[in-house]
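File shown: start_4.txt (compact mmCIF, C-alpha atoms).
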```txt
# COMPACT_ATOMS: atom_id res chain seq x y z
CA MET A 1 82.41 50.28 -138.81
CA ALA A 2 79.59 49.01 -136.63
CA THR A 3 78.62 46.44 -139.25
CA THR A 4 82.19 45.15 -139.47
CA ALA A 5 82.34 44.83 -135.71
CA LEU A 6 79.13 42.87 -135.69
CA LYS A 7 80.44 40.47 -138.31
CA SER A 8 83.68 39.79 -136.49
CA ARG A 9 82.20 39.66 -133.01
CA PRO A 10 81.24 36.22 -131.66
CA PHE A 11 77.74 35.57 -132.86
CA ALA A 12 76.44 33.79 -129.78
CA PHE A 13 73.87 36.55 -129.20
CA VAL A 14 72.19 35.44 -132.42
CA ALA A 15 73.24 31.83 -132.90
CA LEU A 16 72.28 30.65 -129.43
CA PRO A 17 68.72 32.00 -129.54
CA ALA A 18 68.36 30.56 -133.04
CA MET A 19 69.64 27.18 -131.88
CA ALA A 20 67.24 27.32 -128.95
CA ALA A 21 64.44 28.05 -131.39
CA VAL A 22 65.41 25.05 -133.47
CA ALA A 23 65.52 22.94 -130.32
CA ILE A 24 61.80 23.53 -129.84
CA ALA A 25 61.42 21.15 -132.76
CA ALA A 26 62.82 18.38 -130.61
CA VAL A 27 59.55 18.52 -128.68
CA GLY A 28 58.02 16.95 -131.75
CA ILE A 29 60.50 14.11 -132.25
CA GLY A 30 58.55 11.13 -133.37
CA ILE A 31 55.95 13.15 -135.29
CA GLY A 32 56.41 13.84 -138.95
CA PRO A 33 54.38 15.02 -141.88
CA HIS A 34 51.29 13.47 -143.35
CA ALA A 35 50.37 10.38 -141.40
CA LEU A 36 53.72 9.02 -140.44
CA GLY A 37 52.18 6.74 -137.86
CA ARG A 38 50.85 7.26 -134.38
CA PRO A 39 53.01 9.28 -131.99
CA THR A 40 55.37 7.33 -129.80
CA ALA A 41 56.33 10.18 -127.47
CA ALA A 42 53.57 9.63 -124.91
CA PRO A 43 55.07 11.91 -122.22
CA ILE A 44 55.01 14.84 -124.66
CA HIS A 45 51.40 14.12 -125.56
CA GLU A 46 50.49 14.07 -121.88
CA LEU A 47 52.21 17.42 -121.40
CA PHE A 48 49.83 18.99 -123.93
CA ASP A 49 46.85 17.35 -122.21
CA PHE A 50 47.51 19.40 -119.08
CA MET A 51 47.91 22.71 -120.87
CA SER A 52 45.13 25.29 -120.67
CA ILE A 53 43.77 27.13 -123.69
CA ASN A 54 45.74 30.22 -122.71
CA SER A 55 48.91 28.19 -122.47
CA MET A 56 48.30 26.72 -125.90
CA VAL A 57 47.82 30.20 -127.36
CA LEU A 58 51.04 31.34 -125.73
CA LEU A 59 52.90 28.27 -126.99
CA GLY A 60 51.61 28.92 -130.50
CA ALA A 61 52.82 32.51 -130.36
CA VAL A 62 56.25 31.50 -129.02
CA SER A 63 56.69 28.73 -131.58
CA GLY A 64 55.66 31.19 -134.29
CA ALA A 65 58.31 33.63 -133.12
CA ALA A 66 60.96 30.89 -133.11
CA ALA A 67 59.95 29.79 -136.60
CA GLY A 68 59.95 33.39 -137.85
CA LEU A 69 63.42 34.09 -136.49
CA LEU A 70 64.74 31.10 -138.41
CA ALA A 71 62.87 32.20 -141.52
CA GLY A 72 64.48 35.61 -141.45
CA LEU A 73 67.94 34.41 -140.51
CA ILE A 74 68.37 31.47 -142.87
CA GLY A 75 65.41 31.55 -145.24
CA ILE A 76 63.60 28.42 -144.07
CA GLY A 77 59.84 28.41 -143.59
CA GLY A 78 59.87 27.32 -139.96
CA GLY A 79 57.62 24.30 -140.44
CA ILE A 80 60.06 22.15 -138.48
CA VAL A 81 59.07 24.16 -135.39
CA VAL A 82 55.39 24.76 -136.15
CA VAL A 83 54.28 21.31 -137.37
CA PRO A 84 55.08 19.39 -134.15
CA ILE A 85 53.54 22.08 -131.94
CA VAL A 86 50.29 22.20 -133.92
CA TYR A 87 50.17 18.42 -134.21
CA TYR A 88 50.41 17.69 -130.50
CA GLY A 89 48.08 20.55 -129.64
CA LEU A 90 45.40 19.13 -131.94
CA VAL A 91 45.89 15.56 -130.71
CA ALA A 92 45.57 16.79 -127.11
CA SER A 93 42.33 18.54 -128.04
CA GLY A 94 40.86 15.23 -129.22
CA MET A 95 41.61 15.14 -132.94
CA SER A 96 42.79 11.81 -134.38
CA PRO A 97 46.55 11.57 -135.07
CA ASP A 98 46.02 11.07 -138.80
CA SER A 99 43.78 14.14 -139.13
CA ALA A 100 46.07 16.16 -136.87
CA ALA A 101 49.06 15.38 -139.08
CA HIS A 102 47.29 16.72 -142.19
CA VAL A 103 45.98 19.81 -140.37
CA ALA A 104 49.39 20.55 -138.81
CA VAL A 105 51.06 20.54 -142.23
CA GLY A 106 48.27 22.61 -143.82
CA THR A 107 48.35 25.16 -141.00
CA SER A 108 52.14 25.38 -141.18
CA LEU A 109 52.09 26.02 -144.93
CA ALA A 110 49.43 28.73 -144.49
CA ALA A 111 51.51 30.42 -141.76
CA ILE A 112 54.57 30.38 -144.02
CA LEU A 113 52.94 32.74 -146.56
CA PRO A 114 53.07 36.03 -144.58
CA THR A 115 56.40 35.01 -143.10
CA ALA A 116 57.92 34.30 -146.50
CA LEU A 117 56.62 37.60 -147.87
CA VAL A 118 58.23 39.54 -145.02
CA SER A 119 61.47 37.55 -145.18
CA SER A 120 61.86 37.66 -148.96
CA PHE A 121 61.14 41.41 -149.04
CA GLY A 122 63.78 42.01 -146.38
CA HIS A 123 66.40 39.98 -148.24
CA TRP A 124 65.39 41.64 -151.53
CA ARG A 125 66.04 45.06 -149.99
CA ALA A 126 69.49 43.81 -148.98
CA GLY A 127 70.14 42.77 -152.60
CA HIS A 128 70.10 39.02 -151.94
CA THR A 129 66.93 37.97 -153.78
CA ASP A 130 66.85 37.54 -157.56
CA ILE A 131 63.38 37.86 -159.13
CA ASN A 132 64.60 36.06 -162.25
CA PHE A 133 65.34 33.06 -160.03
CA LEU A 134 61.62 32.80 -159.21
CA ARG A 135 60.71 33.00 -162.90
CA VAL A 136 63.03 30.13 -163.79
CA TRP A 137 62.58 27.89 -160.74
CA GLY A 138 59.04 28.81 -159.74
CA PRO A 139 57.04 26.64 -162.19
CA GLY A 140 58.81 23.40 -161.22
CA ILE A 141 58.44 24.16 -157.51
CA VAL A 142 54.72 24.86 -157.92
CA ILE A 143 54.24 21.59 -159.82
CA GLY A 144 55.98 19.70 -157.02
CA VAL A 145 53.92 21.39 -154.29
CA VAL A 146 50.60 20.79 -156.05
CA ALA A 147 51.48 17.14 -156.72
CA ALA A 148 52.49 16.64 -153.08
CA GLN A 149 49.35 18.27 -151.69
CA LEU A 150 47.04 16.26 -153.97
CA ALA A 151 48.83 13.00 -153.22
CA ALA A 152 49.35 13.60 -149.48
CA PRO A 153 45.92 12.35 -148.27
CA HIS A 154 46.63 9.04 -149.98
CA LEU A 155 50.24 8.59 -148.83
CA ARG A 156 51.96 7.82 -145.57
CA GLY A 157 55.03 9.69 -146.77
CA SER A 158 57.52 7.72 -144.66
CA LEU A 159 59.98 7.10 -147.50
CA MET A 160 60.05 10.71 -148.68
CA THR A 161 60.42 11.94 -145.11
CA GLY A 162 63.22 9.49 -144.41
CA ILE A 163 65.14 10.65 -147.49
CA PHE A 164 64.59 14.28 -146.54
CA GLY A 165 65.80 13.63 -143.00
CA LEU A 166 68.89 11.79 -144.20
CA LEU A 167 69.76 14.58 -146.64
CA SER A 168 69.36 17.15 -143.86
CA LEU A 169 71.77 15.27 -141.57
CA VAL A 170 74.34 14.83 -144.33
CA PHE A 171 74.28 18.49 -145.32
CA ALA A 172 74.33 19.63 -141.68
CA ALA A 173 78.01 18.68 -141.69
CA ARG A 174 78.58 20.59 -144.90
CA PHE A 175 77.07 23.80 -143.50
CA ALA A 176 78.67 23.39 -140.07
CA PHE A 177 82.15 23.47 -141.65
CA PRO A 178 81.74 25.73 -144.71
CA ASP A 179 85.48 26.18 -145.24
CA GLN A 180 86.11 22.43 -145.54
CA PHE A 181 83.92 21.83 -148.62
CA ARG A 182 84.26 22.98 -152.20
CA GLN A 183 81.47 23.93 -154.55
CA VAL A 184 80.27 21.20 -156.90
CA THR A 185 79.45 23.40 -159.90
CA GLU A 186 80.32 26.91 -161.02
CA ARG A 187 76.69 28.05 -161.37
CA PRO A 188 73.16 26.95 -160.44
CA PRO A 189 71.82 23.95 -162.40
CA LYS A 190 70.14 24.36 -165.75
CA GLY A 191 68.07 22.25 -168.12
CA THR A 192 66.92 18.84 -166.96
CA PHE A 193 68.70 19.01 -163.61
CA LEU A 194 67.05 22.37 -162.88
CA ASN A 195 63.63 20.86 -163.58
CA ILE A 196 64.35 17.85 -161.36
CA ALA A 197 65.74 20.04 -158.55
CA SER A 198 62.83 22.51 -158.62
CA VAL A 199 60.15 19.80 -158.64
CA SER A 200 61.97 18.00 -155.80
CA ILE A 201 61.98 21.19 -153.71
CA GLY A 202 58.23 21.46 -154.20
CA LEU A 203 57.58 17.78 -153.42
CA PHE A 204 59.55 17.78 -150.18
CA SER A 205 57.98 21.08 -149.12
CA GLY A 206 54.43 19.96 -149.80
CA LEU A 207 54.81 16.67 -147.96
CA ALA A 208 56.77 17.99 -145.01
CA GLY A 209 54.93 21.28 -144.42
CA VAL A 210 58.10 23.34 -144.77
CA GLY A 211 58.76 26.31 -147.01
CA GLY A 212 61.38 24.81 -149.31
CA GLY A 213 64.17 26.90 -147.81
CA ILE A 214 66.24 23.95 -146.66
CA MET A 215 66.34 22.26 -150.06
CA THR A 216 66.91 25.59 -151.82
CA ASN A 217 69.83 26.43 -149.54
CA ILE A 218 71.35 23.02 -150.24
CA VAL A 219 71.00 23.25 -154.03
CA MET A 220 72.22 26.85 -154.27
CA SER A 221 75.18 26.32 -151.93
CA LEU A 222 76.42 23.39 -154.02
CA SER A 223 76.82 25.79 -156.93
CA GLY A 224 79.09 28.07 -154.92
CA MET A 225 76.58 30.85 -154.32
CA SER A 226 77.27 33.04 -151.29
CA MET A 227 75.35 32.18 -148.13
CA HIS A 228 73.45 35.46 -148.06
CA LYS A 229 72.25 34.96 -151.65
CA CYS A 230 71.31 31.34 -150.91
CA ILE A 231 69.18 32.54 -148.01
CA GLY A 232 67.57 35.30 -150.11
CA ARG A 233 66.51 32.77 -152.74
CA ALA A 234 65.36 30.30 -150.09
CA ALA A 235 63.11 32.95 -148.55
CA ALA A 236 61.59 33.74 -151.95
CA VAL A 237 60.87 30.05 -152.55
CA GLY A 238 58.73 30.13 -149.40
CA VAL A 239 56.28 32.40 -151.23
CA VAL A 240 56.17 30.13 -154.28
CA VAL A 241 55.56 27.09 -152.07
CA SER A 242 53.01 28.57 -149.68
CA VAL A 243 50.60 30.20 -152.16
CA PRO A 244 49.47 27.04 -154.01
CA ALA A 245 49.84 24.90 -150.89
CA THR A 246 47.58 27.19 -148.86
CA ILE A 247 44.91 27.29 -151.58
CA ILE A 248 44.86 23.51 -151.89
CA ALA A 249 44.89 23.02 -148.11
CA ALA A 250 41.94 25.41 -147.75
CA PHE A 251 39.84 23.39 -150.18
CA SER A 252 41.03 19.92 -149.20
CA PRO A 253 38.98 17.59 -146.98
CA GLY A 254 39.57 18.15 -143.29
CA PRO A 255 37.92 17.94 -139.87
CA HIS A 256 34.64 19.82 -139.74
CA GLY A 257 34.48 22.66 -137.24
CA PRO A 258 33.96 26.42 -136.94
CA ALA A 259 37.72 26.99 -136.72
CA GLN A 260 38.62 24.74 -139.67
CA LEU A 261 39.13 25.83 -143.25
CA GLY A 262 39.84 22.63 -145.11
CA SER A 263 42.98 21.26 -143.48
CA ILE A 264 43.91 24.62 -141.92
CA ASP A 265 43.19 25.29 -138.26
CA LEU A 266 42.33 28.99 -138.15
CA THR A 267 42.74 29.29 -134.37
CA MET A 268 46.31 27.99 -134.42
CA LEU A 269 47.04 30.04 -137.54
CA ALA A 270 45.89 33.22 -135.77
CA CYS A 271 48.21 32.44 -132.83
CA ILE A 272 51.25 31.57 -134.94
CA ALA A 273 51.24 33.75 -138.07
CA PRO A 274 51.53 37.27 -136.52
CA THR A 275 54.51 36.50 -134.29
CA GLN A 276 56.11 34.40 -137.02
CA ALA A 277 55.96 37.27 -139.52
CA ALA A 278 57.19 39.83 -136.98
CA ALA A 279 60.12 37.63 -135.96
CA ALA A 280 60.97 37.05 -139.63
CA TRP A 281 61.39 40.81 -140.06
CA LEU A 282 63.79 40.85 -137.10
CA GLY A 283 65.66 37.85 -138.51
CA THR A 284 66.25 39.52 -141.87
CA ARG A 285 67.64 42.60 -140.11
CA LEU A 286 70.02 40.46 -138.08
CA ALA A 287 71.10 38.39 -141.08
CA ARG A 288 72.52 41.48 -142.80
CA HIS A 289 75.04 41.91 -140.00
CA ILE A 290 76.19 38.31 -139.67
CA ALA A 291 79.00 36.79 -141.72
CA GLY A 292 78.01 34.11 -144.23
CA ASP A 293 80.00 31.37 -142.47
CA ASN A 294 78.17 32.04 -139.22
CA LEU A 295 74.79 31.95 -140.96
CA SER A 296 75.89 28.66 -142.48
CA ARG A 297 76.48 27.24 -139.00
CA VAL A 298 73.05 28.40 -137.82
CA LEU A 299 71.58 26.58 -140.82
CA ALA A 300 73.58 23.51 -139.82
CA GLY A 301 71.83 23.53 -136.46
CA ALA A 302 68.44 23.74 -138.18
CA LEU A 303 69.39 20.87 -140.49
CA LEU A 304 70.51 18.75 -137.56
CA ALA A 305 67.20 19.24 -135.76
CA THR A 306 65.20 18.76 -138.96
CA GLY A 307 67.04 15.61 -139.93
CA THR A 308 66.66 14.10 -136.48
CA VAL A 309 62.92 14.79 -136.34
CA MET A 310 62.18 13.66 -139.89
CA LEU A 311 64.33 10.53 -139.86
CA ARG A 312 62.98 9.34 -136.51
CA SER A 313 59.47 10.08 -137.68
CA SER A 314 60.03 7.99 -140.79
CA LEU A 315 61.45 5.06 -138.84
CA CYS A 316 58.71 5.15 -136.19
CA GLY A 317 55.96 5.55 -138.72
CA GLY A 318 57.17 2.86 -141.10
```
Reformat the file's structure so that it appears as structure tokens.
Amino acid sequence: MATTALKSRPFAFVALPAMAAVAIAAVGIGIGPHALGRPTAAPIHELFDFMSINSMVLLGAVSGAAAGLLAGLIGIGGGIVVVPIVYYGLVASGMSPDSAAHVAVGTSLAAILPTALVSSFGHWRAGHTDINFLRVWGPGIVIGVVAAQLAAPHLRGSLMTGIFGLLSLVFAARFAFPDQFRQVTERPPKGTFLNIASVSIGLFSGLAGVGGGIMTNIVMSLSGMSMHKCIGRAAAVGVVVSVPATIIAAFSPGPHGPAQLGSIDLTMLACIAPTQAAAAWLGTRLARHIAGDNLSRVLAGALLATGTVMLRSSLCGG
């Protein structure tokens, strides 16, 4: 009875905080993944210059919590929140924009691992994660992630980011009005299209520093899968993406320093990862009590913010 009431009750108590969490990403408009050009949002950069170390730690913890809530609610990794925060924090500390972009993405992917584990376990307990899905889709996703991470230091990534941003904006409308669109296929893709889709999820994730949840939600929803099951699979993909990406980032060239492990900033990771994982647990609990259409609209808000950030980054970095 209580669950039914929660599903029919206006979901502002969940949607609004989630939308506010997504809005944190707007702080990073103009910064995108992997060397998209120098930042154009000078006032934002100056804001970070005036922040103390304690404030930066607090900001990292808050951004981690926002990213984790989204991860639990809609299965995305939360990189759209974390990457801009880490990027501007590193630039304000004196790191070059190009190096900061690589470290921000590497740190985000490393933070996604514990978050994805918590989120996918929570959705698995609710019956929304299919282990066989990982067996079938996992290899292609891993190939895409590894290829993206190895190629990233040699690419600007503007074209890939622009395409990703445009796709996010287009599908934001689809998820905002779930009753107005029909499924494209009766079941998830197989054969050649499955291979293309899985590798594409890995490529976009590796270049953008996100967990693959957005692309997975899009692909699964087109096949008519329920929103809760889409989210469960998206959360599981975060594990597949983050494991190889974190290993490669740890051994890749990066700024030398006591707090650096390859292209991962351990200080920022320590601030972000705990709150991100804890918030992901809360998000999975909330997701069980929210109707699929309402979760779809929360995802639409995340797509809108993601698309805006990525597309503007691509255009400014061209």
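One finds atom CA of Ile231 of chain A at 18.9 Å from atom CA of Ala111 of chain A.
Nearest to Pro274 of chain A of all the residues A:Pro114, A:Gly89, A:Pro255, A:Pro97 is A:Pro114, based on all atoms listed in the file.
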field: Which of A:Ile214, A:Leu222, A:Gly257, A:Gly72 sits closest to Met95 of chain A [using only C-alpha atoms]
entry: A:Gly257
Residue contacts of segment 236-243 of chain A (7 Å, only C-alpha atoms) excluding same-chain residues fewer than 4 positions away, as an MDAnalysis selection string: chainID A and resid 77 109:110 112:113 116:117 120 138 141:142 145 202 211:213 232 247
- request: Go through A:Val86, A:Val199, A:Leu194, A:Ala250 and flag the residue nearest Val136 of chain A, using only C-alpha atoms for the distances.
  value: A:Leu194
task: Give me the residues within 8 Å of Gly292 of chain A as number ranges by chain, counting all atoms listed in the file and dropping any in the same chain fewer than 6 places off.
output: A: 226-228
As AutoDock Vina command-line options, please report the centre and edge lengths, rounded to one decimal in Å, of the axis-aligned box that holds all listed atoms of segment 54-58 of chain A with 4 Å of padding on each of the six sides.
```
--center_x 48.4 --center_y 29.0 --center_z -124.9 --size_x 13.3 --size_y 12.6 --size_z 12.9
```
